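Chemist: Just dropping this structure here.
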Amino acid sequence: MNKPRPFEGKTYTLGSIEKGEHCCEAVPHFSIRDLSVSYHGEVVLSDVSLDVYKGCITALIGPSGCGKSSFLSVLNRLSDLIPGEHVSGNITFEGQDILTNNIDVRALRTNIGMIFQKPNPFPLSIYKNLLLPLKEHGVRDKKIQAEKIQQALESVGLWDEVKGRLDSSALALSGGQQQRLCIARALILEPSVLLMDEPCSALDPISSGIVEDMIQKLAGKYTIIIVTHNLAQARRIANYAAFFWMQESVGQLIEFGRCQPLFDSPQNSLTAAYVSGAKG
Amino acid sequence: MIDKVFSLCMWAAATVVLCMFSWLIADVLIQGIPALSWEFLSSEPLRSGREGGVLPIIVSTALILVVALGVAVPLGLGGAIWLAEFANKESRLFSVIRMTLDMLAGVPSIVFGLFGYAFFCGFLQLGFSILSGGLTLACMILPILIRTTEAGLAMVPNDWRKAGAALGMRKTTLIIQVLIPYSAPAITAGLLLSIGRATAETAALIFTSGYVDRMPESLSDSGRALSVHIYDLSMNVVGGDKAAYGSALVLIIIVVQINFSANLLSEVWLEKKVARR
Ligand SMILES: Nc1ncnc2c1ncn2[C@@H]1O[C@H](COP(=O)(O)OP(=O)(O)OP(=O)(O)O)[C@@H](O)[C@H]1O
Ligand SMILES: [Mg+2]
């Protein structure tokens, strides 16, 4: 099922859109308005406004350092962990302003899963990696735990590969398997959103293809925001794309829209230069 | 060429260290074993320790250690966890605390002895007692314990803290289930270093727990630690050499025993929790 993606005969590096267009409705899940992020008073991202649509895959593209990761970590308030980071603006998520102080950050993060560039399973067994978050969120029944863990592993196509060694260390898995385990660990909490920060860039091409296939399968069920440097990948899997660029060392959102038009007929000359490979 | 000279130097240095260490151990073994007997371990010292045994001294040593560790370990672990996981690392308070700890870790033990004498014996009116000695040792090892534990926690990759937070997990769960078990070897090493310093301590104890060599009846009695006993036998008691070597051997056995059990406990309790590979 997880066949590696073959290179089709085309020489054009960006493949055709296999998915997209009609798969999701434009219902905003996140409404981001005038978002600015600064570290120790130095602005790195300014005045970003965009809607992230429910059930769609939104790709964030742009050169290194333009604030994509910073943007992502604001959405689940992981930015709280970084001393010196200051965030301003408004983000409405499921009818709630998530940038205020009095929201339940733990509940928010439970509802918004995050996948990092470097796979980061805990130094525990495969089973315990999934058990720990489950227990933390109050699932005490052993049978339900086992069911949920199997389900989560199945949904990332890992069950058949690891069912015989659930008690061995997660760190002994390959990079791609570790990343899928991390995705399973996020899915087991039944979030509605997945934030992915270059989830494939630390993986070899085959693992990367497997993870990419999986992300496509998750679309529709989850709202997915994925940062990627791989434009072909963005084009293959995303419904919407947001292009970030640095102007005077401050990151800005240059263009946002449906993925295919953004790649094929960009409105902004910077976008055109970036997606054609002339800049970036 | 340079590589060869360098590796030769390293090899020579290692050999010298090893030789000195073996010589020391051999010396204590050769001179200590004849002194060691069941009677030596189970009776009170007579004639200032020239004859008789070291039972009360072993008991006092153990009590002093229990007091010191009982106070220092919870405080040290708590302090280190706070510093490593909760304190704002960019705040002034944080750097001041760290600098103070580093300085305290390097303060000669005699200074702690004087402090303990003035504070615990005098101000708190605990007198020359096992309690005073134990508390003084606690103060002495606390900075070492905090810094080593904190360093152990700092070695744990940040990835897991981010992963935990992103899963909406409580910080305490992550600390107990992942961070502490993962850094258990480093924490245990720090603990053993502290215990080593505590058992070797003489100067600070003479001022605080005293050198009465009778069996202590409570924590407020004065009690003589093994290190103090060895010091006294070899410096002040003519003809006490044999007993001094015997006591030194006992001290070494105790320290080895503690090392062994601490590593075992750390493995059974903590390291089993994590699966490194
Ligand atoms: N913790 C931090 N403290 C200070 N500055 C930071 C911090 N994290 C990021 N920055 C700065 O913010 C800017 C944006 O960083 P960010 O990681 O969001 O970019 P990015 O678009 O994700 O880049 P990349 O594609 O390389 O991952 C960079 O200039 C970076 O130096
Ligand atoms: Mg990034």
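Residues are named by chain letter and number: chains run A, B, ... in the order of the structure tokens, numbers start at 1 in each chain, and ligands are numbered from 1 in the order shown.
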Please report as JSON lines every residue of chain A lying within 9 Å of ligand 1, along with the nearest atom pair and their distance in Å (one decimal), using only C-alpha atoms and all ligand atoms.

Modeler:
{"residue": "A:Val37", "atom": "CA", "partner": "ligand 1", "partner_atom_place_in_ligand_line": "12 (O)", "distance": 8.5}
{"residue": "A:Ser38", "atom": "CA", "partner": "ligand 1", "partner_atom_place_in_ligand_line": "12 (O)", "distance": 7.6}
{"residue": "A:Tyr39", "atom": "CA", "partner": "ligand 1", "partner_atom_place_in_ligand_line": "4 (C)", "distance": 4.9}
{"residue": "A:His40", "atom": "CA", "partner": "ligand 1", "partner_atom_place_in_ligand_line": "4 (C)", "distance": 7.0}
{"residue": "A:Glu42", "atom": "CA", "partner": "ligand 1", "partner_atom_place_in_ligand_line": "5 (N)", "distance": 8.0}
{"residue": "A:Val43", "atom": "CA", "partner": "ligand 1", "partner_atom_place_in_ligand_line": "12 (O)", "distance": 8.0}
{"residue": "A:Val44", "atom": "CA", "partner": "ligand 1", "partner_atom_place_in_ligand_line": "13 (C)", "distance": 5.1}
{"residue": "A:Leu45", "atom": "CA", "partner": "ligand 1", "partner_atom_place_in_ligand_line": "14 (C)", "distance": 7.3}
{"residue": "A:Leu60", "atom": "CA", "partner": "ligand 1", "partner_atom_place_in_ligand_line": "21 (O)", "distance": 8.9}
{"residue": "A:Ile61", "atom": "CA", "partner": "ligand 1", "partner_atom_place_in_ligand_line": "21 (O)", "distance": 8.2}
{"residue": "A:Gly62", "atom": "CA", "partner": "ligand 1", "partner_atom_place_in_ligand_line": "21 (O)", "distance": 6.8}
{"residue": "A:Pro63", "atom": "CA", "partner": "ligand 1", "partner_atom_place_in_ligand_line": "25 (O)", "distance": 5.8}
{"residue": "A:Ser64", "atom": "CA", "partner": "ligand 1", "partner_atom_place_in_ligand_line": "25 (O)", "distance": 3.5}
{"residue": "A:Gly65", "atom": "CA", "partner": "ligand 1", "partner_atom_place_in_ligand_line": "19 (O)", "distance": 3.5}
{"residue": "A:Cys66", "atom": "CA", "partner": "ligand 1", "partner_atom_place_in_ligand_line": "21 (O)", "distance": 4.0}
{"residue": "A:Gly67", "atom": "CA", "partner": "ligand 1", "partner_atom_place_in_ligand_line": "18 (O)", "distance": 3.2}
{"residue": "A:Lys68", "atom": "CA", "partner": "ligand 1", "partner_atom_place_in_ligand_line": "21 (O)", "distance": 3.7}
{"residue": "A:Ser69", "atom": "CA", "partner": "ligand 1", "partner_atom_place_in_ligand_line": "22 (O)", "distance": 3.6}
{"residue": "A:Ser70", "atom": "CA", "partner": "ligand 1", "partner_atom_place_in_ligand_line": "18 (O)", "distance": 3.6}
{"residue": "A:Phe71", "atom": "CA", "partner": "ligand 1", "partner_atom_place_in_ligand_line": "18 (O)", "distance": 6.4}
{"residue": "A:Leu72", "atom": "CA", "partner": "ligand 1", "partner_atom_place_in_ligand_line": "18 (O)", "distance": 8.0}
{"residue": "A:Ser73", "atom": "CA", "partner": "ligand 1", "partner_atom_place_in_ligand_line": "18 (O)", "distance": 8.5}
{"residue": "A:Ser79", "atom": "CA", "partner": "ligand 1", "partner_atom_place_in_ligand_line": "1 (N)", "distance": 8.8}
{"residue": "A:Ile82", "atom": "CA", "partner": "ligand 1", "partner_atom_place_in_ligand_line": "1 (N)", "distance": 5.8}
{"residue": "A:Pro83", "atom": "CA", "partner": "ligand 1", "partner_atom_place_in_ligand_line": "1 (N)", "distance": 7.4}
{"residue": "A:Gly84", "atom": "CA", "partner": "ligand 1", "partner_atom_place_in_ligand_line": "3 (N)", "distance": 7.1}
{"residue": "A:Glu85", "atom": "CA", "partner": "ligand 1", "partner_atom_place_in_ligand_line": "3 (N)", "distance": 7.0}
{"residue": "A:Gln117", "atom": "CA", "partner": "ligand 1", "partner_atom_place_in_ligand_line": "27 (O)", "distance": 8.8}
{"residue": "A:Asp197", "atom": "CA", "partner": "ligand 1", "partner_atom_place_in_ligand_line": "22 (O)", "distance": 7.9}
{"residue": "A:Glu198", "atom": "CA", "partner": "ligand 1", "partner_atom_place_in_ligand_line": "27 (O)", "distance": 7.8}
{"residue": "A:Val227", "atom": "CA", "partner": "ligand 1", "partner_atom_place_in_ligand_line": "22 (O)", "distance": 7.9}
{"residue": "A:Thr228", "atom": "CA", "partner": "ligand 1", "partner_atom_place_in_ligand_line": "25 (O)", "distance": 7.9}
{"residue": "A:His229", "atom": "CA", "partner": "ligand 1", "partner_atom_place_in_ligand_line": "25 (O)", "distance": 7.0}
{"residue": "A:Phe244", "atom": "CA", "partner": "ligand 1", "partner_atom_place_in_ligand_line": "21 (O)", "distance": 7.9}
{"residue": "A:Trp245", "atom": "CA", "partner": "ligand 1", "partner_atom_place_in_ligand_line": "21 (O)", "distance": 8.7}
{"residue": "A:Ser249", "atom": "CA", "partner": "ligand 1", "partner_atom_place_in_ligand_line": "29 (O)", "distance": 7.3}
{"residue": "A:Val250", "atom": "CA", "partner": "ligand 1", "partner_atom_place_in_ligand_line": "29 (O)", "distance": 8.0}
{"residue": "A:Gly251", "atom": "CA", "partner": "ligand 1", "partner_atom_place_in_ligand_line": "14 (C)", "distance": 7.2}

Chemist: Just C-alpha atoms for this one: save the residues we selected as a PDB file, in the first residue's frame.

Modeler:
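again-v1.pdb written:
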ATOM      1  CA  VAL A  37       6.050  37.528  16.143  1.00  0.00           C
ATOM      2  CA  SER A  38       9.207  38.935  17.658  1.00  0.00           C
ATOM      3  CA  TYR A  39      12.156  37.513  19.568  1.00  0.00           C
ATOM      4  CA  HIS A  40      13.656  39.824  22.173  1.00  0.00           C
ATOM      5  CA  GLU A  42      13.271  41.835  17.035  1.00  0.00           C
ATOM      6  CA  VAL A  43      10.365  41.347  14.675  1.00  0.00           C
ATOM      7  CA  VAL A  44      10.674  38.211  12.545  1.00  0.00           C
ATOM      8  CA  LEU A  45       7.144  37.932  11.243  1.00  0.00           C
ATOM      9  CA  LEU A  60       3.609  26.966   3.988  1.00  0.00           C
ATOM     10  CA  ILE A  61       6.484  27.619   1.639  1.00  0.00           C
ATOM     11  CA  GLY A  62       9.269  30.148   1.551  1.00  0.00           C
ATOM     12  CA  PRO A  63      12.998  30.504   2.094  1.00  0.00           C
ATOM     13  CA  SER A  64      14.821  29.637   5.304  1.00  0.00           C
ATOM     14  CA  GLY A  65      14.367  32.056   8.155  1.00  0.00           C
ATOM     15  CA  CYS A  66      11.216  33.725   6.897  1.00  0.00           C
ATOM     16  CA  GLY A  67       9.286  32.660  10.000  1.00  0.00           C
ATOM     17  CA  LYS A  68       7.358  29.570   8.917  1.00  0.00           C
ATOM     18  CA  SER A  69       8.247  27.585  12.028  1.00  0.00           C
ATOM     19  CA  SER A  70       7.575  30.580  14.227  1.00  0.00           C
ATOM     20  CA  PHE A  71       4.160  30.940  12.624  1.00  0.00           C
ATOM     21  CA  LEU A  72       3.369  27.280  13.182  1.00  0.00           C
ATOM     22  CA  SER A  73       4.379  27.260  16.826  1.00  0.00           C
ATOM     23  CA  SER A  79       5.731  29.565  21.396  1.00  0.00           C
ATOM     24  CA  ILE A  82      10.506  30.068  24.091  1.00  0.00           C
ATOM     25  CA  PRO A  83      11.725  32.811  26.395  1.00  0.00           C
ATOM     26  CA  GLY A  84      11.831  36.209  24.757  1.00  0.00           C
ATOM     27  CA  GLU A  85       9.204  35.413  22.143  1.00  0.00           C
ATOM     28  CA  GLN A 117      11.226  18.075  11.580  1.00  0.00           C
ATOM     29  CA  ASP A 197       7.093  21.351  10.400  1.00  0.00           C
ATOM     30  CA  GLU A 198       9.059  19.824   7.518  1.00  0.00           C
ATOM     31  CA  VAL A 227       5.785  23.529   6.230  1.00  0.00           C
ATOM     32  CA  THR A 228       7.875  22.199   3.406  1.00  0.00           C
ATOM     33  CA  HIS A 229      10.895  23.199   1.384  1.00  0.00           C
ATOM     34  CA  PHE A 244       6.290  33.658   2.967  1.00  0.00           C
ATOM     35  CA  TRP A 245       9.192  35.883   2.096  1.00  0.00           C
ATOM     36  CA  SER A 249      14.767  40.704   7.347  1.00  0.00           C
ATOM     37  CA  VAL A 250      11.140  40.614   8.461  1.00  0.00           C
ATOM     38  CA  GLY A 251       9.053  37.654   7.387  1.00  0.00           C
TER      39      GLY A 251
END

Chemist: Using only C-alpha atoms and a distance of at most 8 Å, pull out the residues of chain B that contact chain A, as a PyMOL selection string.

Modeler: chain B and resi 88+90+159-160+162-163+165-170+173+178+182+273-277

Chemist: Hey, what does DSSP flag as strand (DSSP E or B) within stretch 23-255 of chain B? Can you give it to me as a list in words?

Modeler: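 Taking stretch 23-255 of chain B and keeping strand (DSSP E or B) only, one gets Pro45, Leu46, Glu51 and Gly52 of chain B.
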
Chemist: Next, the residues of the selection above should be written as an mmCIF file, in the first residue's frame with N, CA, C and O atoms.

Modeler:
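Heads up, here's the output in selection04.cif:
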data_model
loop_
_atom_site.group_PDB
_atom_site.id
_atom_site.type_symbol
_atom_site.label_atom_id
_atom_site.label_comp_id
_atom_site.auth_asym_id
_atom_site.auth_seq_id
_atom_site.Cartn_x
_atom_site.Cartn_y
_atom_site.Cartn_z
ATOM 1 N N PRO B 45 35.293 0.683 70.856
ATOM 2 C CA PRO B 45 36.737 0.925 70.944
ATOM 3 C C PRO B 45 37.206 1.012 72.397
ATOM 4 O O PRO B 45 36.477 1.522 73.256
ATOM 5 N N LEU B 46 38.401 0.480 72.670
ATOM 6 C CA LEU B 46 38.986 0.565 74.001
ATOM 7 C C LEU B 46 40.319 1.280 73.904
ATOM 8 O O LEU B 46 40.965 1.268 72.861
ATOM 9 N N GLU B 51 42.601 -0.702 70.943
ATOM 10 C CA GLU B 51 42.029 -2.044 70.995
ATOM 11 C C GLU B 51 40.519 -1.940 70.823
ATOM 12 O O GLU B 51 39.978 -0.858 70.693
ATOM 13 N N GLY B 52 39.893 -3.097 70.838
ATOM 14 C CA GLY B 52 38.439 -3.079 70.669
ATOM 15 C C GLY B 52 38.079 -2.896 69.212
ATOM 16 O O GLY B 52 38.870 -3.191 68.321
#

Chemist: To test your reading of the structure, identify every residue in stretch 167-248 of chain B that backbone DSSP assigns to helix (DSSP H, G or I), and report it as a count of residues only.

Modeler: 53

Chemist: Quick one: everything within 9 Å of B:Gly152, counting only C-alpha atoms, minus sequence neighbours fewer than 6 positions away in the same chain. Send it as a VMD selection string.

Modeler: chain B and resid 180 182 to 187 190

Chemist: Take the residues from that selection and write them out as a CSV table (one decimal), in the first residue's frame, keeping C-alpha atoms.

Modeler:
chain,number,residue,atom,x,y,z
B,180,ILE,CA,14.5,11.9,35.3
B,182,TYR,CA,16.7,9.3,31.2
B,183,SER,CA,19.2,11.3,33.2
B,184,ALA,CA,19.3,8.7,36.1
B,185,PRO,CA,22.9,7.7,35.4
B,186,ALA,CA,24.1,11.3,35.6
B,187,ILE,CA,22.0,11.9,38.7
B,190,GLY,CA,26.3,13.1,41.2

Chemist: Show me, as a ChimeraX atom specification, the residues that have an atom within 10 Å of B:Leu233 when counting only C-alpha atoms, minus same-chain residues fewer than 6 positions from it.

Modeler: /B:48-50,227,239-245,247

Chemist: May I ask for the distance between atom CA of B:Ile81 and atom CA of B:Glu150, given in Å to one decimal place?

Modeler: 6.7 Å

Chemist: Using atom CA of A:Gly95 and atom CA of A:Ser31 as the two end points, give the distance in Å to one decimal.

Modeler: 9.2 Å

Chemist: With only C-alpha atoms as the basis for distance, which of B:Met1, B:Ala26, B:Leu251, B:Met155 is at the shortest distance from B:Ala200?

Modeler: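 Among B:Met1, B:Ala26, B:Leu251, B:Met155, it is B:Leu251 that comes nearest to B:Ala200.
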
Chemist: Given the choices B:Arg47, B:Ser209, B:Gln31, B:Met140, which gets closest to B:Val238 if the distance is worked out from only C-alpha atoms?

Modeler: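 Smallest distance to B:Val238 is found for B:Arg47.
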
Chemist: Which neighbours of A:Asp51 fall inside 12 Å, counting only C-alpha atoms, when residues of the same chain fewer than 2 positions from it are skipped, and could you give them as a list in words?

Modeler: Ala26, Val27, Pro28, His29, Phe30, Ser31, Ile32, Arg33, Asp34, Leu35, Val48, Ser49, Tyr53, Lys54, Cys56, Thr58, Asn90, Ile91, Thr92, Phe93, Thr223, Ile225, Tyr240, Ala241, Ala242, Phe256, Gly257 and Arg258 of chain A
